[in-house]
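Have a look at query_22.cif; it's mmCIF, C-alpha atoms:
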```
data_upload
loop_
_atom_site.label_atom_id
_atom_site.label_comp_id
_atom_site.auth_asym_id
_atom_site.auth_seq_id
_atom_site.Cartn_x
_atom_site.Cartn_y
_atom_site.Cartn_z
CA MET J 232 47.16 18.29 2.01
CA GLY J 233 45.52 20.25 -0.84
CA ASN J 234 42.30 18.27 -0.43
CA SER J 235 42.17 19.14 3.25
CA ARG J 236 42.55 22.89 2.54
CA GLN J 237 39.77 22.75 -0.06
CA HIS J 238 37.52 21.01 2.47
CA ILE J 239 38.24 23.63 5.13
CA ALA J 240 37.67 26.45 2.62
CA ALA J 241 34.32 24.94 1.60
CA VAL J 242 33.21 24.59 5.23
CA LEU J 243 34.22 28.18 5.99
CA ALA J 244 32.38 29.46 2.92
CA LEU J 245 29.24 27.60 4.02
CA LEU J 246 29.50 28.96 7.55
CA LEU J 247 29.87 32.51 6.22
CA CYS J 248 26.88 32.13 3.87
CA LEU J 249 24.55 30.35 6.33
CA PRO J 250 23.52 33.52 8.23
CA LEU J 251 22.55 35.14 4.93
CA LEU J 252 20.45 32.15 3.91
CA VAL J 253 18.65 32.13 7.26
CA ALA J 254 18.18 35.92 7.36
CA CYS J 255 16.70 35.97 3.86
CA GLY J 256 14.18 33.31 4.79
CA ILE J 257 15.68 30.85 2.29
CA TYR J 258 16.47 28.26 4.96
CA SER J 259 15.11 27.58 8.41
CA PHE J 260 16.52 25.15 10.93
CA THR J 261 12.99 24.22 11.98
CA GLY J 262 11.97 23.25 8.47
CA THR J 263 9.32 25.95 8.21
CA SER J 264 9.04 27.98 5.04
CA ILE J 265 7.13 31.13 5.90
CA GLN J 266 6.82 33.75 3.19
CA PRO J 267 8.43 37.18 3.69
CA GLY J 268 6.13 39.70 5.34
CA VAL J 269 4.19 37.03 7.25
CA ASN J 270 4.82 37.88 10.90
CA THR J 271 1.77 36.93 12.96
CA VAL J 272 -0.53 33.95 13.48
CA THR J 273 -3.96 33.63 15.03
CA ILE J 274 -4.96 30.15 16.20
CA GLU J 275 -8.64 29.98 17.07
CA LEU J 276 -10.07 27.62 19.68
CA PHE J 277 -10.95 24.34 17.96
CA GLU J 278 -14.64 23.49 17.87
CA TYR J 279 -15.73 20.07 19.11
CA LYS J 280 -18.10 18.38 16.65
CA ALA J 281 -17.44 14.69 17.31
CA LEU J 282 -20.30 12.54 18.54
CA ARG J 283 -18.31 10.94 21.38
CA VAL J 284 -17.47 13.62 23.95
CA ASN J 285 -14.09 14.52 25.40
CA PRO J 286 -14.69 17.85 27.16
CA THR J 287 -11.04 18.96 27.36
CA LEU J 288 -9.70 17.87 23.97
CA ALA J 289 -10.52 21.04 22.01
CA ALA J 290 -8.73 23.29 24.50
CA THR J 291 -5.79 20.87 24.79
CA LEU J 292 -5.35 20.67 21.02
CA THR J 293 -5.58 24.46 20.64
CA ASP J 294 -3.05 25.09 23.42
CA GLU J 295 -0.62 22.49 22.10
CA LEU J 296 -0.88 23.85 18.55
CA LYS J 297 -0.06 27.33 19.87
CA THR J 298 2.93 25.89 21.73
CA THR J 299 4.11 24.06 18.60
CA PHE J 300 3.93 27.24 16.52
CA ARG J 301 5.70 29.20 19.26
CA LYS J 302 8.55 26.65 19.39
CA MET J 303 8.87 25.96 15.67
CA THR J 304 8.26 29.36 14.04
CA LYS J 305 9.16 32.99 14.60
CA LEU J 306 5.54 34.04 14.17
CA GLU J 307 4.09 36.29 16.84
CA GLN J 308 0.78 34.96 18.14
CA VAL J 309 -2.05 37.46 18.15
CA ASP J 310 -5.66 37.08 19.28
CA MET J 311 -7.16 38.31 16.00
CA ASP J 312 -6.31 39.36 12.45
CA GLY J 313 -3.04 37.45 12.20
CA ASP J 314 -1.29 37.25 8.84
CA ILE J 315 -2.00 33.53 9.11
CA GLN J 316 -5.22 32.28 10.64
CA ILE J 317 -5.86 28.68 11.63
CA GLU J 318 -9.33 27.51 12.60
CA GLY J 319 -10.40 23.96 13.12
CA ALA J 320 -12.87 21.43 14.40
CA ILE J 321 -12.52 18.03 15.97
CA THR J 322 -14.76 15.96 13.71
CA GLY J 323 -14.14 12.46 15.00
CA TYR J 324 -13.29 10.72 18.27
CA ASP J 325 -13.64 6.98 17.85
CA VAL J 326 -12.53 3.76 19.51
CA ARG J 327 -12.31 0.62 17.38
CA ALA J 328 -10.72 -2.80 17.58
CA ALA J 329 -7.19 -2.70 16.12
CA ALA J 330 -6.14 -6.35 16.50
CA ILE J 331 -8.34 -9.41 16.82
CA THR J 332 -7.28 -12.62 18.58
CA ALA J 333 -7.86 -16.13 17.29
CA ASN J 334 -11.12 -16.40 19.26
CA GLU J 335 -12.36 -13.16 17.64
CA THR J 336 -11.97 -10.83 20.60
CA ALA J 337 -10.12 -7.56 20.48
CA ALA J 338 -6.51 -7.74 21.65
CA ARG J 339 -5.78 -4.07 20.92
CA SER J 340 -8.03 -1.07 20.59
CA ARG J 341 -7.37 2.16 18.72
CA LEU J 342 -8.46 5.67 19.63
CA THR J 343 -8.59 7.86 16.52
CA VAL J 344 -9.09 11.62 16.53
CA SER J 345 -9.96 13.42 13.29
CA VAL J 346 -9.77 17.16 12.71
CA LYS J 347 -10.55 19.53 9.87
CA ILE J 348 -8.62 22.79 9.62
CA SER J 349 -8.98 25.96 7.65
CA TYR J 350 -5.71 27.75 6.89
CA THR J 351 -5.89 31.36 5.73
CA ASN J 352 -2.84 33.37 4.72
CA ARG J 353 -3.90 37.01 4.45
CA LYS J 354 -0.66 38.01 2.69
CA TYR J 355 -0.57 35.08 0.25
CA PRO J 356 -4.19 33.96 -0.35
CA GLU J 357 -3.07 31.40 -2.94
CA GLU J 358 -1.84 29.33 0.03
CA ASP J 359 -5.31 29.19 1.67
CA LYS J 360 -6.60 25.66 2.16
CA GLU J 361 -8.81 23.32 4.11
CA GLU J 362 -7.49 19.93 5.12
CA SER J 363 -8.46 16.99 7.27
CA PHE J 364 -6.11 14.98 9.46
CA SER J 365 -6.40 11.89 11.63
CA ALA J 366 -4.07 10.49 14.25
CA TYR J 367 -4.39 7.49 16.51
CA ALA J 368 -2.90 5.63 19.43
CA GLU J 369 -3.44 2.02 20.38
CA PHE J 370 -3.95 0.45 23.78
CA ASP J 371 -4.47 -3.01 25.24
CA ALA J 372 -8.12 -3.96 24.89
CA THR J 373 -8.19 -5.26 28.46
CA GLN J 374 -7.83 -1.66 29.65
CA SER J 375 -10.73 0.73 29.77
CA LEU J 376 -10.57 3.89 27.69
CA ASP J 377 -11.00 5.93 30.87
CA ALA J 378 -7.80 4.42 32.29
CA VAL J 379 -5.61 5.37 29.31
CA GLU J 380 -7.48 8.23 27.63
CA SER J 381 -5.36 11.14 28.87
CA THR J 382 -2.08 9.46 27.83
CA LEU J 383 -3.50 8.49 24.44
CA CYS J 384 -4.83 12.00 23.84
CA GLU J 385 -1.41 13.51 24.61
CA GLU J 386 0.18 11.28 21.94
CA ILE J 387 -2.56 11.98 19.43
CA VAL J 388 -2.52 15.74 19.99
CA GLU J 389 1.24 15.81 19.44
CA GLN J 390 0.83 13.89 16.16
CA LEU J 391 -1.96 16.21 15.00
CA CYS J 392 0.06 19.34 15.81
CA ASP J 393 3.00 18.01 13.79
CA LEU J 394 0.70 17.19 10.87
CA ILE J 395 -0.91 20.64 10.96
CA LEU J 396 2.42 22.48 11.24
CA ASN J 397 3.89 20.46 8.36
CA ALA J 398 0.87 21.01 6.11
CA THR J 399 0.63 24.74 6.77
CA VAL J 400 4.00 26.44 7.30
CA ALA J 401 6.45 23.62 6.60
CA ASN J 402 4.76 22.77 3.27
CA TRP J 403 5.63 19.07 3.55
#
```
How would this structure read if it were set down as structure tokens?
Amino acid sequence: MGNSRQHIAAVLALLLCLPLLVACGIYSFTGTSIQPGVNTVTIELFEYKALRVNPTLAATLTDELKTTFRKMTKLEQVDMDGDIQIEGAITGYDVRAAAITANETAARSRLTVSVKISYTNRKYPEEDKEESFSAYAEFDATQSLDAVESTLCEEIVEQLCDLILNATVANW
């Protein structure tokens, strides 16, 4: 019986302290660790610098990154001069064979998208950085890229947004 009361007391103590931890910015349920005083973010439209052209990918990636930050952080998005600024470029958009069959033909193909981002924290400049990320999705080589491209790009954009969020404000 004594063990049970100690357990209940410990749980109650945690529940009473949790709002303080969250309010002080010590813990976040989303996993983000944004420094105090950082309240706004500006996410610029990604440039498209890859040789192979996908005319909608830059806008799609930018919009999805904004949505990810809106869902996963408390940062207010502003058009310019945010406490945090994220700029980027799509630097690669490539299709390659991912799996080869016994008769040396491609069984699976892989679409890979590479991006380079610049992260600027106006309040904490020691956190500024540039990083590159790649994400990919595979498809059956008997299908044309045109037939599966939009679905693949959705998957890839989601992966890239997670990578960017984790590397910038989640510090993973």
| message | Taking 6 positions as the minimum chain separation for residues in the same chain, which residues sit within 10 Å of Phe370 in chain J when counting all atoms listed in the file? Answer as a ChimeraX atom specification. | response | /J:328-329,338-342,376,379-380,383
| task | Considering all atoms listed in the file, return as an MDAnalysis selection string whatever protein or nucleic-acid residues lie within 9 Å of Thr299 in chain J, sequence-local ones (same chain, fewer than 4 positions apart) excluded. | result | chainID J and resid 294:295 303:304 389 392:393 396
| task | Measuring atom to atom with only C-alpha atoms, identify which of J:Thr298, J:Gln308, J:Thr382, J:Thr293 is nearest to Val346 in chain J. | result | J:Thr293
| Point (-4.1, 29.5, 7.5), cut-off 6 Å, counting all atoms listed in the file, residues as a ChimeraX atom specification | /J:315-317,350-352,359
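A cut-off of 7 Å from the point (-13.6, 7.2, 21.1), with all atoms listed in the file, picks out the residues Arg283, Tyr324, Asp325, Val326, Leu342 and Thr343 of chain J.
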What lies within 10 Å of Ile387 in chain J using all atoms listed in the file, ignoring chain neighbours under 6 positions off, as a PDB file with C-alpha atoms, in the frame of the given file?
```pdb
ATOM      1  CA  LEU J 292      -5.350  20.670  21.020  1.00  0.00           C
ATOM      2  CA  LEU J 342      -8.460   5.670  19.630  1.00  0.00           C
ATOM      3  CA  THR J 343      -8.590   7.860  16.520  1.00  0.00           C
ATOM      4  CA  VAL J 344      -9.090  11.620  16.530  1.00  0.00           C
ATOM      5  CA  SER J 345      -9.960  13.420  13.290  1.00  0.00           C
ATOM      6  CA  SER J 365      -6.400  11.890  11.630  1.00  0.00           C
ATOM      7  CA  ALA J 366      -4.070  10.490  14.250  1.00  0.00           C
ATOM      8  CA  TYR J 367      -4.390   7.490  16.510  1.00  0.00           C
ATOM      9  CA  ALA J 368      -2.900   5.630  19.430  1.00  0.00           C
ATOM     10  CA  SER J 381      -5.360  11.140  28.870  1.00  0.00           C
ATOM     11  CA  ASP J 393       3.000  18.010  13.790  1.00  0.00           C
TER      12      ASP J 393
END
```
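Reported to one decimal place, the separation of CA of Ala320 in chain J from CA of Leu288 in chain J is 10.7 Å.
The smallest atom-to-atom distance between Pro286 in chain J and any of J:Ile321, J:Asn397, J:Ile348, J:Arg353, using all atoms listed in the file, is found for J:Ile321.
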| What separation in Å, quoted to one decimal, exists between CA of Val309 in chain J and CA of Thr273 in chain J? | 5.3 Å
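Restricting the calculation to all atoms listed in the file, the smallest distance between Glu318 in chain J and any of J:Asp377, J:Phe277, J:Glu362, J:Asp371 is found for J:Phe277.
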| task | Show which residues sit within 10 Å of Gly268 in chain J, as a PyMOL selection string. Count all atoms listed in the file, and ignore same-chain residues fewer than 2 positions away. | result | chain J and resi 265-266+270-271+314+354-355
